[in-house]
$ cat start.csv   # CSV, C-alpha atoms
chain,number,residue,atom,x,y,z
A,118,MET,CA,66.7,-87.9,-147.7
A,119,ASP,CA,64.5,-90.6,-146.1
A,120,GLY,CA,63.0,-92.4,-149.1
A,121,THR,CA,60.0,-94.6,-149.1
A,122,ALA,CA,62.2,-97.5,-150.3
A,123,GLY,CA,64.3,-97.3,-147.1
A,124,VAL,CA,67.0,-95.1,-148.8
A,125,ASN,CA,68.6,-92.8,-146.2
A,126,GLY,CA,71.3,-90.3,-146.6
A,127,HIS,CA,72.1,-86.9,-148.2
A,128,ARG,CA,73.5,-86.1,-151.6
A,129,ALA,CA,76.2,-83.8,-150.5
A,130,ALA,CA,79.1,-85.3,-148.6
A,131,ASP,CA,79.7,-83.9,-145.1
A,132,GLU,CA,83.4,-83.7,-144.3
A,133,ALA,CA,82.6,-83.1,-140.6
A,134,LEU,CA,81.0,-86.5,-140.3
A,135,LEU,CA,84.4,-88.2,-141.0
A,136,ASP,CA,86.0,-86.4,-138.1
A,137,ASP,CA,83.3,-87.5,-135.7
A,138,GLU,CA,84.3,-91.1,-134.8
A,139,LYS,CA,81.2,-91.7,-132.6
A,140,ALA,CA,78.8,-90.5,-135.4
A,141,MET,CA,80.7,-92.6,-138.0
A,142,LEU,CA,80.5,-95.8,-136.0
A,143,GLY,CA,76.8,-95.1,-135.3
A,144,ASN,CA,76.2,-94.9,-139.0
A,145,ASP,CA,78.0,-98.2,-139.5
A,146,PRO,CA,75.9,-100.6,-137.3
A,147,GLY,CA,76.9,-103.6,-139.4
A,148,GLY,CA,80.6,-103.0,-138.6
A,149,MET,CA,81.9,-102.7,-142.1
A,150,LEU,CA,84.9,-100.6,-140.9
A,151,ARG,CA,85.8,-103.2,-138.4
A,152,ALA,CA,85.4,-106.0,-141.0
A,153,THR,CA,87.6,-104.2,-143.5
A,154,ALA,CA,90.2,-103.6,-140.8
A,155,SER,CA,90.3,-107.4,-140.3
A,156,ALA,CA,91.9,-108.0,-143.7
A,157,GLY,CA,95.3,-108.9,-142.2
A,158,ALA,CA,93.7,-111.3,-139.8
A,159,GLN,CA,91.7,-112.9,-142.7
A,160,VAL,CA,95.0,-113.7,-144.4
A,161,ARG,CA,96.4,-115.4,-141.3
A,162,GLU,CA,93.2,-117.3,-140.5
A,163,SER,CA,92.4,-118.5,-144.0
A,164,ALA,CA,96.0,-119.6,-144.6
A,165,ALA,CA,95.9,-121.7,-141.4
A,166,LEU,CA,92.6,-123.2,-142.5
A,167,ALA,CA,93.9,-124.1,-145.9
A,168,VAL,CA,97.0,-125.7,-144.5
A,169,GLU,CA,94.8,-127.9,-142.3
A,170,THR,CA,92.9,-129.1,-145.3
A,171,ASP,CA,94.1,-132.2,-147.2
A,172,LEU,CA,94.8,-131.0,-150.7
A,173,SER,CA,96.6,-134.2,-151.8
A,174,LEU,CA,93.7,-135.0,-154.1
A,175,LEU,CA,94.7,-132.0,-156.1
A,176,GLU,CA,98.3,-132.9,-156.2
A,177,ASP,CA,98.1,-136.6,-157.0
A,178,ASP,CA,97.0,-136.2,-160.6
A,179,GLY,CA,99.6,-133.6,-161.4
A,180,ARG,CA,99.3,-130.5,-163.4
A,181,PRO,CA,95.7,-129.9,-164.8
A,182,ARG,CA,94.9,-128.9,-168.3
A,183,ALA,CA,93.1,-125.8,-167.0
A,184,VAL,CA,91.8,-124.2,-163.8
A,185,VAL,CA,88.3,-122.7,-163.5
A,186,VAL,CA,87.6,-120.5,-160.6
A,187,ALA,CA,83.8,-120.3,-160.2
A,188,GLY,CA,82.0,-117.7,-158.2
A,189,ILE,CA,80.3,-114.4,-158.4
A,190,GLY,CA,81.0,-110.9,-157.0
A,191,THR,CA,84.0,-110.9,-154.7
A,192,ALA,CA,84.2,-114.7,-154.9
A,193,GLY,CA,84.6,-114.3,-158.7
A,194,LEU,CA,87.3,-111.7,-158.2
A,195,THR,CA,89.5,-114.4,-156.6
A,196,GLY,CA,89.9,-115.9,-160.1
A,197,SER,CA,91.3,-112.6,-161.5
A,198,ILE,CA,93.6,-112.4,-158.5
A,199,LEU,CA,94.9,-115.9,-159.0
A,200,SER,CA,95.5,-115.3,-162.7
A,201,THR,CA,97.4,-112.1,-161.9
A,202,VAL,CA,99.6,-113.6,-159.1
A,203,ALA,CA,100.3,-116.7,-161.3
A,204,GLY,CA,101.5,-114.3,-164.0
A,205,PRO,CA,101.7,-114.5,-167.8
A,206,ARG,CA,104.0,-117.5,-167.7
A,207,CYS,CA,101.6,-119.7,-165.8
A,208,PRO,CA,101.8,-123.1,-167.5
A,209,VAL,CA,98.0,-123.6,-167.7
A,210,PRO,CA,95.1,-121.2,-168.4
A,211,ILE,CA,93.2,-119.9,-165.4
A,212,ILE,CA,89.6,-119.0,-166.2
A,213,GLY,CA,87.2,-117.0,-164.0
A,214,HIS,CA,83.6,-118.3,-164.4
A,215,ARG,CA,80.9,-116.0,-163.1
A,216,SER,CA,77.7,-117.8,-164.0
A,217,ALA,CA,76.1,-121.0,-163.1
A,218,GLY,CA,77.7,-124.3,-164.0
A,219,VAL,CA,81.1,-124.6,-165.7
A,220,PRO,CA,82.3,-124.1,-169.3
A,221,GLY,CA,81.2,-126.9,-171.7
A,222,TRP,CA,84.8,-128.1,-172.2
A,223,VAL,CA,85.5,-128.8,-168.5
A,224,GLY,CA,86.3,-132.5,-167.9
A,225,ALA,CA,88.5,-135.0,-166.0
A,226,ALA,CA,91.7,-133.2,-167.0
A,227,ASP,CA,90.7,-129.9,-165.3
A,228,VAL,CA,90.4,-128.4,-161.8
A,229,VAL,CA,87.4,-126.4,-160.6
A,230,ILE,CA,87.7,-124.2,-157.6
A,231,ALA,CA,84.2,-123.2,-156.4
A,232,VAL,CA,84.1,-120.2,-154.1
A,233,SER,CA,81.2,-118.7,-152.1
A,234,ALA,CA,81.5,-116.7,-148.9
A,235,SER,CA,78.1,-117.9,-147.7
A,236,GLY,CA,78.5,-121.4,-149.1
A,237,ARG,CA,75.1,-121.2,-150.8
A,238,SER,CA,75.7,-119.1,-153.9
A,239,PRO,CA,73.8,-120.8,-156.8
A,240,GLU,CA,76.7,-120.2,-159.2
A,241,ALA,CA,79.2,-121.9,-156.9
A,242,LEU,CA,76.9,-124.7,-156.1
A,243,ALA,CA,76.1,-125.4,-159.7
A,244,ALA,CA,79.8,-125.3,-160.6
A,245,ALA,CA,80.8,-127.7,-157.9
A,246,ASP,CA,78.0,-130.1,-158.9
A,247,ALA,CA,78.9,-129.9,-162.6
A,248,ALA,CA,82.6,-130.5,-161.8
A,249,ALA,CA,81.7,-133.6,-159.8
A,250,ARG,CA,79.5,-135.0,-162.5
A,251,ARG,CA,82.2,-134.4,-165.2
A,252,GLY,CA,84.9,-136.0,-163.1
A,253,ALA,CA,87.0,-132.8,-162.8
A,254,ARG,CA,89.1,-132.4,-159.7
A,255,LEU,CA,87.2,-130.1,-157.3
A,256,VAL,CA,88.1,-127.9,-154.4
A,257,ALA,CA,85.4,-125.8,-152.6
A,258,ILE,CA,85.9,-122.8,-150.4
A,259,GLY,CA,83.2,-121.2,-148.3
A,260,ASN,CA,81.3,-121.0,-145.0
A,261,PRO,CA,81.5,-124.2,-142.9
A,262,ASP,CA,78.4,-126.5,-142.6
A,263,SER,CA,77.0,-125.0,-145.7
A,264,GLU,CA,75.4,-126.5,-148.9
A,265,LEU,CA,78.7,-126.0,-150.7
A,266,GLN,CA,80.5,-128.2,-148.1
A,267,ALA,CA,77.8,-130.8,-148.5
A,268,VAL,CA,78.4,-130.9,-152.3
A,269,ALA,CA,82.1,-131.2,-151.8
A,270,GLU,CA,81.7,-134.0,-149.3
A,271,ARG,CA,79.4,-136.0,-151.7
A,272,ALA,CA,82.1,-135.6,-154.3
A,273,ARG,CA,84.8,-136.5,-151.8
A,274,ALA,CA,86.6,-133.3,-152.7
A,275,PRO,CA,88.6,-131.0,-150.3
A,276,PHE,CA,86.6,-128.2,-148.7
A,277,ILE,CA,88.3,-125.2,-147.1
A,278,GLY,CA,85.9,-123.8,-144.5
A,279,VAL,CA,86.3,-120.1,-144.1
A,280,PRO,CA,83.9,-118.7,-141.4
A,281,ARG,CA,81.7,-115.9,-142.7
A,282,ARG,CA,81.9,-113.0,-140.3
A,283,ALA,CA,81.1,-110.2,-142.8
A,284,PRO,CA,79.6,-109.6,-146.2
A,285,ALA,CA,81.6,-111.1,-149.1
A,286,ARG,CA,82.8,-107.7,-150.2
A,287,ALA,CA,84.6,-107.3,-146.8
A,288,SER,CA,85.9,-110.9,-147.0
A,289,MET,CA,88.1,-110.7,-150.1
A,290,TRP,CA,91.3,-111.8,-148.4
A,291,GLY,CA,89.6,-114.7,-146.5
A,292,LEU,CA,88.4,-116.1,-149.8
A,293,THR,CA,91.5,-115.3,-151.9
A,294,ILE,CA,94.2,-117.0,-149.8
A,295,PRO,CA,92.7,-120.5,-150.0
A,296,VAL,CA,92.3,-120.1,-153.8
A,297,LEU,CA,96.0,-119.2,-154.0
A,298,LEU,CA,97.1,-122.1,-151.8
A,299,ALA,CA,95.0,-124.6,-153.7
A,300,ALA,CA,96.8,-123.3,-156.9
A,301,ARG,CA,100.1,-123.7,-155.0
A,302,ALA,CA,99.3,-127.3,-154.4
A,303,LEU,CA,98.9,-127.7,-158.1
A,304,GLY,CA,102.3,-126.1,-158.7
A,305,LEU,CA,100.9,-123.0,-160.5
A,306,VAL,CA,101.9,-120.2,-158.1
A,307,LYS,CA,104.8,-119.4,-155.9
A,308,VAL,CA,103.3,-118.1,-152.6
A,309,ASN,CA,105.4,-118.8,-149.6
A,310,GLU,CA,104.8,-118.1,-145.9
A,311,ALA,CA,106.9,-115.0,-146.0
A,312,ASP,CA,104.7,-113.5,-148.7
A,313,LEU,CA,101.6,-114.2,-146.6
A,314,ALA,CA,103.1,-112.7,-143.5
A,315,GLU,CA,104.3,-109.6,-145.3
A,316,THR,CA,100.9,-109.2,-146.9
A,317,ALA,CA,99.1,-109.5,-143.6
A,318,SER,CA,101.4,-107.0,-142.0
A,319,ARG,CA,100.9,-104.6,-144.9
A,320,LEU,CA,97.1,-104.8,-144.5
A,321,ASP,CA,97.5,-104.3,-140.7
A,322,ALA,CA,99.6,-101.2,-141.2
A,323,ASP,CA,97.1,-99.7,-143.7
A,324,ALA,CA,94.2,-100.4,-141.4
A,325,GLU,CA,96.0,-98.5,-138.7
A,326,ARG,CA,96.7,-95.5,-141.0
A,327,CYS,CA,93.0,-95.6,-142.1
A,328,ARG,CA,91.5,-96.0,-138.7
A,329,PRO,CA,88.3,-94.0,-137.9
A,330,ALA,CA,90.0,-92.0,-135.2
A,331,ALA,CA,92.6,-90.6,-137.6
A,332,ASP,CA,91.7,-87.1,-138.8
A,333,SER,CA,91.0,-86.5,-142.5
A,334,PHE,CA,94.3,-84.7,-143.1
A,335,VAL,CA,96.4,-87.7,-142.0
A,336,ASN,CA,94.1,-90.5,-143.0
A,337,PRO,CA,94.7,-91.4,-146.7
A,338,ALA,CA,91.4,-93.2,-147.1
A,339,LYS,CA,89.4,-90.2,-145.8
A,340,SER,CA,91.3,-87.8,-148.0
A,341,LEU,CA,90.7,-90.0,-151.0
A,342,ALA,CA,87.0,-90.3,-150.2
A,343,LEU,CA,86.6,-86.5,-149.9
A,344,GLY,CA,88.4,-86.0,-153.2
A,345,LEU,CA,85.9,-88.4,-154.9
A,346,ALA,CA,82.8,-86.8,-153.3
A,347,GLY,CA,80.3,-85.6,-155.8
A,348,SER,CA,82.4,-86.9,-158.8
A,349,VAL,CA,82.1,-89.6,-161.4
A,350,PRO,CA,85.2,-91.7,-160.6
A,351,ILE,CA,87.3,-93.4,-163.2
A,352,VAL,CA,89.9,-95.9,-161.9
A,353,TRP,CA,92.6,-97.1,-164.2
A,354,GLY,CA,95.3,-99.7,-163.4
A,355,SER,CA,98.7,-99.4,-165.1
A,356,SER,CA,99.4,-103.2,-165.1
A,357,PRO,CA,97.3,-106.4,-164.8
A,358,LEU,CA,97.8,-106.5,-161.1
A,359,ALA,CA,96.8,-102.8,-160.7
A,360,THR,CA,93.8,-103.4,-163.0
A,361,VAL,CA,92.5,-106.0,-160.6
A,362,ALA,CA,92.8,-103.5,-157.8
A,363,ALA,CA,91.1,-100.9,-160.0
A,364,ARG,CA,88.1,-103.2,-160.6
A,365,ARG,CA,88.0,-104.0,-156.9
A,366,PHE,CA,87.8,-100.2,-156.1
A,367,ALA,CA,85.0,-99.7,-158.6
A,368,ASP,CA,83.1,-102.6,-157.1
A,369,THR,CA,83.4,-101.3,-153.6
A,370,LEU,CA,82.5,-97.7,-154.6
A,371,ALA,CA,79.3,-99.1,-156.2
A,372,ALA,CA,78.4,-101.5,-153.4
A,373,ASN,CA,79.4,-99.4,-150.3
A,374,ALA,CA,79.1,-95.7,-151.5
A,375,ARG,CA,76.6,-96.3,-154.3
A,376,TYR,CA,78.8,-94.3,-156.7
A,377,PRO,CA,78.8,-95.2,-160.5
A,378,ALA,CA,82.5,-95.9,-161.2
A,379,MET,CA,84.3,-97.0,-164.3
A,380,ALA,CA,87.4,-99.2,-164.0
A,381,GLY,CA,89.8,-100.9,-166.4
A,382,ALA,CA,93.3,-101.3,-167.7
A,383,LEU,CA,95.2,-98.1,-168.6
A,384,GLY,CA,96.5,-99.8,-171.8
A,385,GLU,CA,92.9,-100.3,-173.0
A,386,ALA,CA,91.9,-96.8,-171.9
A,387,SER,CA,94.7,-95.2,-173.9
A,388,ARG,CA,93.0,-96.6,-177.1
A,389,GLY,CA,89.7,-94.9,-176.6
A,390,ARG,CA,88.3,-94.2,-173.1
A,391,VAL,CA,91.0,-91.6,-172.4
A,392,GLY,CA,88.7,-89.4,-174.5
A,393,LEU,CA,86.4,-89.2,-171.5
A,394,LEU,CA,88.9,-86.6,-170.2
A,395,ASP,CA,87.8,-84.3,-173.1
A,396,GLY,CA,84.1,-84.9,-172.5
A,397,VAL,CA,81.2,-83.1,-170.8
A,398,PHE,CA,82.2,-84.3,-167.3
A,399,GLY,CA,85.9,-83.8,-168.1
A,400,GLY,CA,87.7,-81.0,-169.9
A,401,LEU,CA,84.4,-79.3,-171.1
A,402,ALA,CA,83.1,-79.1,-167.5
A,403,GLU,CA,86.4,-77.9,-166.1
A,404,SER,CA,86.8,-75.2,-168.8
A,405,SER,CA,83.5,-73.7,-168.0
A,406,ARG,CA,84.2,-73.6,-164.2
A,407,ASP,CA,84.2,-70.1,-162.7
A,408,ILE,CA,87.4,-70.2,-160.5
A,409,PHE,CA,85.9,-67.5,-158.3
A,410,ALA,CA,82.5,-69.3,-157.8
A,411,ASP,CA,81.5,-70.7,-154.5
A,412,PRO,CA,81.4,-74.5,-155.0
A,413,ASP,CA,78.6,-74.7,-152.4
A,414,THR,CA,76.3,-72.6,-154.6
A,415,GLU,CA,76.9,-74.6,-157.8
A,416,GLU,CA,74.0,-76.5,-159.3
A,417,ALA,CA,74.3,-80.2,-158.7
A,418,GLY,CA,74.5,-81.0,-162.4
A,419,ASP,CA,77.2,-78.4,-163.0
A,420,SER,CA,79.3,-79.6,-160.2
A,421,THR,CA,79.5,-83.2,-161.3
A,422,ARG,CA,82.9,-83.9,-162.8
A,423,LEU,CA,85.3,-86.7,-163.5
A,424,ARG,CA,87.8,-87.7,-160.8
A,425,LEU,CA,90.6,-89.9,-162.1
A,426,VAL,CA,92.3,-92.4,-159.9
A,427,VAL,CA,95.5,-94.1,-161.3
A,428,LEU,CA,96.8,-97.2,-159.6
A,429,ARG,CA,100.4,-97.8,-160.6
A,430,ASP,CA,102.3,-101.0,-160.1
A,431,GLY,CA,105.5,-99.1,-159.4
A,432,GLY,CA,107.7,-100.9,-161.8
A,433,LEU,CA,108.5,-103.6,-159.3
A,434,ASN,CA,107.7,-106.5,-161.6
A,435,PRO,CA,110.8,-108.2,-163.0
A,436,GLU,CA,111.0,-107.7,-166.7
A,437,ASP,CA,110.8,-111.5,-167.4
A,438,ASP,CA,107.5,-111.7,-165.4
A,439,ALA,CA,105.8,-108.6,-166.9
A,440,ASP,CA,103.3,-108.6,-169.8
A,441,GLU,CA,105.0,-105.6,-171.3
A,442,PRO,CA,108.2,-103.6,-170.5
A,443,VAL,CA,107.8,-101.7,-167.2
A,444,ALA,CA,109.1,-98.6,-169.0
A,445,VAL,CA,106.0,-98.7,-171.3
A,446,GLU,CA,103.7,-99.0,-168.3
A,447,GLU,CA,105.4,-96.1,-166.6
A,448,ARG,CA,105.3,-93.8,-169.7
A,449,ARG,CA,101.6,-94.6,-170.2
A,450,ALA,CA,100.7,-93.7,-166.6
A,451,ASP,CA,102.8,-90.5,-166.8
A,452,ALA,CA,101.0,-89.6,-170.0
A,453,VAL,CA,97.5,-90.0,-168.7
A,454,GLN,CA,98.3,-88.0,-165.6
A,455,ALA,CA,99.7,-85.2,-167.8
A,456,ILE,CA,96.6,-85.2,-170.0
A,457,ALA,CA,94.3,-85.0,-167.0
A,458,GLU,CA,96.3,-82.1,-165.6
A,459,ARG,CA,96.1,-80.2,-168.9
A,460,ARG,CA,92.3,-80.4,-168.8
A,461,GLY,CA,92.0,-79.6,-165.1
A,462,VAL,CA,90.7,-83.1,-164.2
A,463,ARG,CA,91.6,-84.0,-160.7
A,464,CYS,CA,93.8,-87.1,-160.4
A,465,ASP,CA,94.8,-89.2,-157.4
A,466,VAL,CA,97.7,-91.6,-157.8
A,467,LEU,CA,98.4,-94.7,-155.6
A,468,VAL,CA,101.7,-96.6,-156.2
A,469,ALA,CA,102.1,-100.2,-155.2
A,470,GLU,CA,104.6,-101.2,-152.6
A,471,GLY,CA,106.0,-104.5,-151.5
A,472,GLY,CA,108.3,-107.3,-152.7
A,473,SER,CA,105.6,-109.8,-153.9
A,474,ALA,CA,102.7,-109.6,-156.2
A,475,LEU,CA,100.4,-110.4,-153.2
A,476,GLU,CA,101.7,-107.6,-151.1
A,477,ARG,CA,101.6,-105.1,-153.9
A,478,LEU,CA,98.0,-106.0,-154.5
A,479,ALA,CA,97.3,-105.5,-150.8
A,480,SER,CA,99.0,-102.0,-151.0
A,481,LEU,CA,96.6,-101.0,-153.8
A,482,THR,CA,93.4,-102.3,-152.3
A,483,ALA,CA,93.5,-101.5,-148.6
A,484,VAL,CA,93.2,-97.7,-148.7
A,485,PRO,CA,90.6,-97.7,-151.5
A,486,ASP,CA,88.5,-100.3,-149.5
A,487,PHE,CA,88.4,-97.9,-146.6
A,488,ALA,CA,87.8,-94.9,-148.9
A,489,SER,CA,84.6,-96.5,-150.3
A,490,LEU,CA,83.3,-96.9,-146.7
A,491,TYR,CA,84.2,-93.3,-145.7
A,492,LEU,CA,82.6,-92.0,-148.8
A,493,ALA,CA,79.4,-93.8,-147.9
A,494,LEU,CA,79.5,-92.5,-144.3
A,495,ALA,CA,80.1,-88.9,-145.5
A,496,HIS,CA,76.8,-89.2,-147.4
A,497,GLY,CA,75.1,-90.6,-144.3
A,498,LEU,CA,74.7,-94.0,-145.9
A,499,ASP,CA,75.0,-97.3,-144.1
A,500,PRO,CA,77.7,-99.1,-146.2
A,501,MET,CA,76.4,-102.5,-145.3
A,502,ALA,CA,72.6,-102.1,-145.8
A,503,VAL,CA,71.8,-101.7,-149.5
A,504,PRO,CA,67.9,-101.6,-149.9
A,505,ALA,CA,68.1,-102.1,-153.7
A,506,ILE,CA,70.1,-105.3,-153.3
A,507,SER,CA,67.4,-106.7,-150.9
A,508,GLU,CA,64.6,-105.7,-153.3
A,509,MET,CA,66.4,-107.2,-156.3
A,510,LYS,CA,66.7,-110.5,-154.5
A,511,GLU,CA,63.1,-110.4,-153.4
A,512,LEU,CA,61.7,-109.5,-156.8
A,513,SER,CA,63.9,-111.7,-158.9
A,514,ASN,CA,63.2,-114.7,-156.7
A,515,LEU,CA,59.4,-114.4,-156.9
A,516,LEU,CA,57.8,-117.4,-158.5
A,517,PRO,CA,55.3,-116.9,-161.4
A,518,GLU,CA,51.7,-116.8,-160.0
A,519,GLY,CA,50.9,-120.2,-161.6
A,520,LEU,CA,53.8,-121.9,-159.9
A,521,GLN,CA,53.1,-120.6,-156.4
$ encode --input "start.csv" --output "structure tokens"
Amino acid sequence: MDGTAGVNGHRAADEALLDDEKAMLGNDPGGMLRATASAGAQVRESAALAVETDLSLLEDDGRPRAVVVAGIGTAGLTGSILSTVAGPRCPVPIIGHRSAGVPGWVGAADVVIAVSASGRSPEALAAADAAARRGARLVAIGNPDSELQAVAERARAPFIGVPRRAPARASMWGLTIPVLLAARALGLVKVNEADLAETASRLDADAERCRPAADSFVNPAKSLALGLAGSVPIVWGSSPLATVAARRFADTLAANARYPAMAGALGEASRGRVGLLDGVFGGLAESSRDIFADPDTEEAGDSTRLRLVVLRDGGLNPEDDADEPVAVEERRADAVQAIAERRGVRCDVLVAEGGSALERLASLTAVPDFASLYLALAHGLDPMAVPAISEMKELSNLLPEGLQ
């Protein structure tokens, strides 16, 4: 399809495209595959940049009453990552704030971390300005020589400059690491250099496994993408850490592949949303499938079915750091997989690996990040250029006629 709104692509995924490296790279002119493969390098670079920044202003006044991480989109996700890595026994609340300004209760006893990949997000700028006016300790993270850096300098607050080399959604690790190291300076998280090195190595290894030149049958990201093709994806995480990864996958599926995806915690899903497996896109659709029918001749509406992705934390969290017993988490994940199997709903399972929360998170996000790109490319979509986003910005920023 070549739409009048600049929408290009085809509804049916073409597996052959994913085994044609030249064609794939030609459909990725913005270099999203290359940017995603740089995740390990982002960890190393942003960690070095954070270490070079004087964070003594955060440390001098001791432990804050609360930490607010302000940003939107991927920048906003860094707050969820910080909260998860800090764990349930973090001595202060960590609040993600995804709208302009800061909560009304923020004051001199609190810390605000304003995050923006571009350094010009209205939400992050407003949060940094509000934090400065209220006397809260501020740290800003974003593109060097940006408006956000100017706000931080006026407030005499530390600024960690992370060069923007790709869209924010491909820069998650470059934004996340400075947030974690700022929290470490406050004594809220235990992230050491070994954790960072192992996380970067994990991301490098997964980038190698998911490289464009690797054929679909040995590339886990291509296999996952082809399994999701034409489906309505549901991504559930078995633990708080896995749930952050699940929401990340849903975000990238929407932004890169333009797929409507649902994500959430498996514990919440077991109280209601697991019923989707019985619904018109789940068990009802699968029970009416003709097992002898040619899938290529099915009507588009009839062929749309749920595809479940379960992200499991692997039971690696020590019991004293977990929100609930690991055995409960494992039984719940086993149960939903069994329920999906009984109804004929396809299910993919990814299990976290690694010795730290940060490395486990990396192991649950790397392959899905690549899968969202390969799914876009299989449909002939440019994963970077999203016409609807450009139109949304253009239309929503129009001034009323009387104010022009």
$ residues_around --input "start.csv" --residues "range 478-491 of chain A" --least-positions-apart "6" --cutoff "7 Å" --atoms "all atoms listed in the file" --output "list in words"
Leu135, Thr316, Arg319, Leu320, Asp323, Cys327, Pro337, Ala338, Lys339, Leu341, Ala342, Leu358, Ala362, Phe366, Thr369, Leu370, Asn373, Ala374, Leu428, Leu467, Ala469, Glu470 and Pro500 of chain A
$ closest_residue --input "start.csv" --among "A:Ala372, A:Met141, A:Ala302, A:Met509" --to "Ala167 in chain A" --atoms "all atoms listed in the file"
A:Ala302
$ residues_around --input "start.csv" --residues "Asp465 in chain A" --least-positions-apart "5" --cutoff "7 Å" --atoms "all atoms listed in the file" --output "PyMOL selection string"
chain A and resi 425-427
$ write_last_selection --input "start.csv" --atoms "C-alpha atoms" --output "PDB file, in the coordinates of the input"
ATOM      1  CA  LEU A 425      90.600 -89.900-162.100  1.00  0.00           C
ATOM      2  CA  VAL A 426      92.300 -92.400-159.900  1.00  0.00           C
ATOM      3  CA  VAL A 427      95.500 -94.100-161.300  1.00  0.00           C
TER       4      VAL A 427
END
$ atom_distance --input "start.csv" --atom1 "CA of Ala283 in chain A" --atom2 "CA of Met149 in chain A"
7.6 Å
$ residues_around --input "start.csv" --residues "Ile198 in chain A" --least-positions-apart "5" --cutoff "10 Å" --atoms "only C-alpha atoms" --output "tab-separated table (two decimals) with C-alpha atoms, keeping the file's coordinate frame"
chain	number	residue	atom	x	y	z
A	193	GLY	CA	84.60	-114.30	-158.70
A	203	ALA	CA	100.30	-116.70	-161.30
A	204	GLY	CA	101.50	-114.30	-164.00
A	213	GLY	CA	87.20	-117.00	-164.00
A	293	THR	CA	91.50	-115.30	-151.90
A	294	ILE	CA	94.20	-117.00	-149.80
A	296	VAL	CA	92.30	-120.10	-153.80
A	297	LEU	CA	96.00	-119.20	-154.00
A	357	PRO	CA	97.30	-106.40	-164.80
A	358	LEU	CA	97.80	-106.50	-161.10
A	361	VAL	CA	92.50	-106.00	-160.60
A	362	ALA	CA	92.80	-103.50	-157.80
A	474	ALA	CA	102.70	-109.60	-156.20
A	475	LEU	CA	100.40	-110.40	-153.20
A	478	LEU	CA	98.00	-106.00	-154.50
$ atom_distance --input "start.csv" --atom1 "CA of Ala331 in chain A" --atom2 "CA of Leu292 in chain A"
28.6 Å
$ atom_distance --input "start.csv" --atom1 "CA of Ala225 in chain A" --atom2 "CA of Ala247 in chain A"
11.4 Å
$ closest_residue --input "start.csv" --among "A:Val466, A:Ile277, A:Val256, A:Ile506" --to "Leu166 in chain A" --atoms "only C-alpha atoms"
A:Ile277
$ residues_near_point --input "start.csv" --point "(96.1, -104.4, -142.2)" --cutoff "7 Å" --atoms "only C-alpha atoms" --output "PyMOL selection string"
chain A and resi 154-157+317-325
$ residues_around --input "start.csv" --residues "Leu343 in chain A" --least-positions-apart "4" --cutoff "8 Å" --atoms "only C-alpha atoms" --output "list in words"
Ala130, Glu132, Lys339 and Leu492 of chain A
$ residues_around --input "start.csv" --residues "Pro295 in chain A" --least-positions-apart "4" --cutoff "12 Å" --atoms "only C-alpha atoms" --output "PyMOL selection string"
chain A and resi 159-170+172+186+192+195-196+198-199+230-234+256-259+275-279+289-291+299-302+308+313
$ closest_atom_pairs --input "start.csv" --of "range 318-373 of chain A" --to "range 387-392 of chain A" --cutoff "12 Å" --atoms "only C-alpha atoms" --output "JSON lines"
{"residue": "A:Ile351", "atom": "CA", "partner": "A:Arg390", "partner_atom": "CA", "distance": 10.0}
{"residue": "A:Val352", "atom": "CA", "partner": "A:Val391", "partner_atom": "CA", "distance": 11.4}
{"residue": "A:Trp353", "atom": "CA", "partner": "A:Val391", "partner_atom": "CA", "distance": 10.0}
{"residue": "A:Gly354", "atom": "CA", "partner": "A:Ser387", "partner_atom": "CA", "distance": 11.4}
{"residue": "A:Ser355", "atom": "CA", "partner": "A:Ser387", "partner_atom": "CA", "distance": 10.5}
$ residues_near_point --input "start.csv" --point "(82.5, -133.0, -151.5)" --cutoff "10 Å" --atoms "all atoms listed in the file" --output "tab-separated table (two decimals) with C-alpha atoms, in the coordinates of the input"
chain	number	residue	atom	x	y	z
A	245	ALA	CA	80.80	-127.70	-157.90
A	246	ASP	CA	78.00	-130.10	-158.90
A	249	ALA	CA	81.70	-133.60	-159.80
A	255	LEU	CA	87.20	-130.10	-157.30
A	256	VAL	CA	88.10	-127.90	-154.40
A	257	ALA	CA	85.40	-125.80	-152.60
A	264	GLU	CA	75.40	-126.50	-148.90
A	265	LEU	CA	78.70	-126.00	-150.70
A	266	GLN	CA	80.50	-128.20	-148.10
A	267	ALA	CA	77.80	-130.80	-148.50
A	268	VAL	CA	78.40	-130.90	-152.30
A	269	ALA	CA	82.10	-131.20	-151.80
A	270	GLU	CA	81.70	-134.00	-149.30
A	271	ARG	CA	79.40	-136.00	-151.70
A	272	ALA	CA	82.10	-135.60	-154.30
A	273	ARG	CA	84.80	-136.50	-151.80
A	274	ALA	CA	86.60	-133.30	-152.70
A	275	PRO	CA	88.60	-131.00	-150.30
A	276	PHE	CA	86.60	-128.20	-148.70
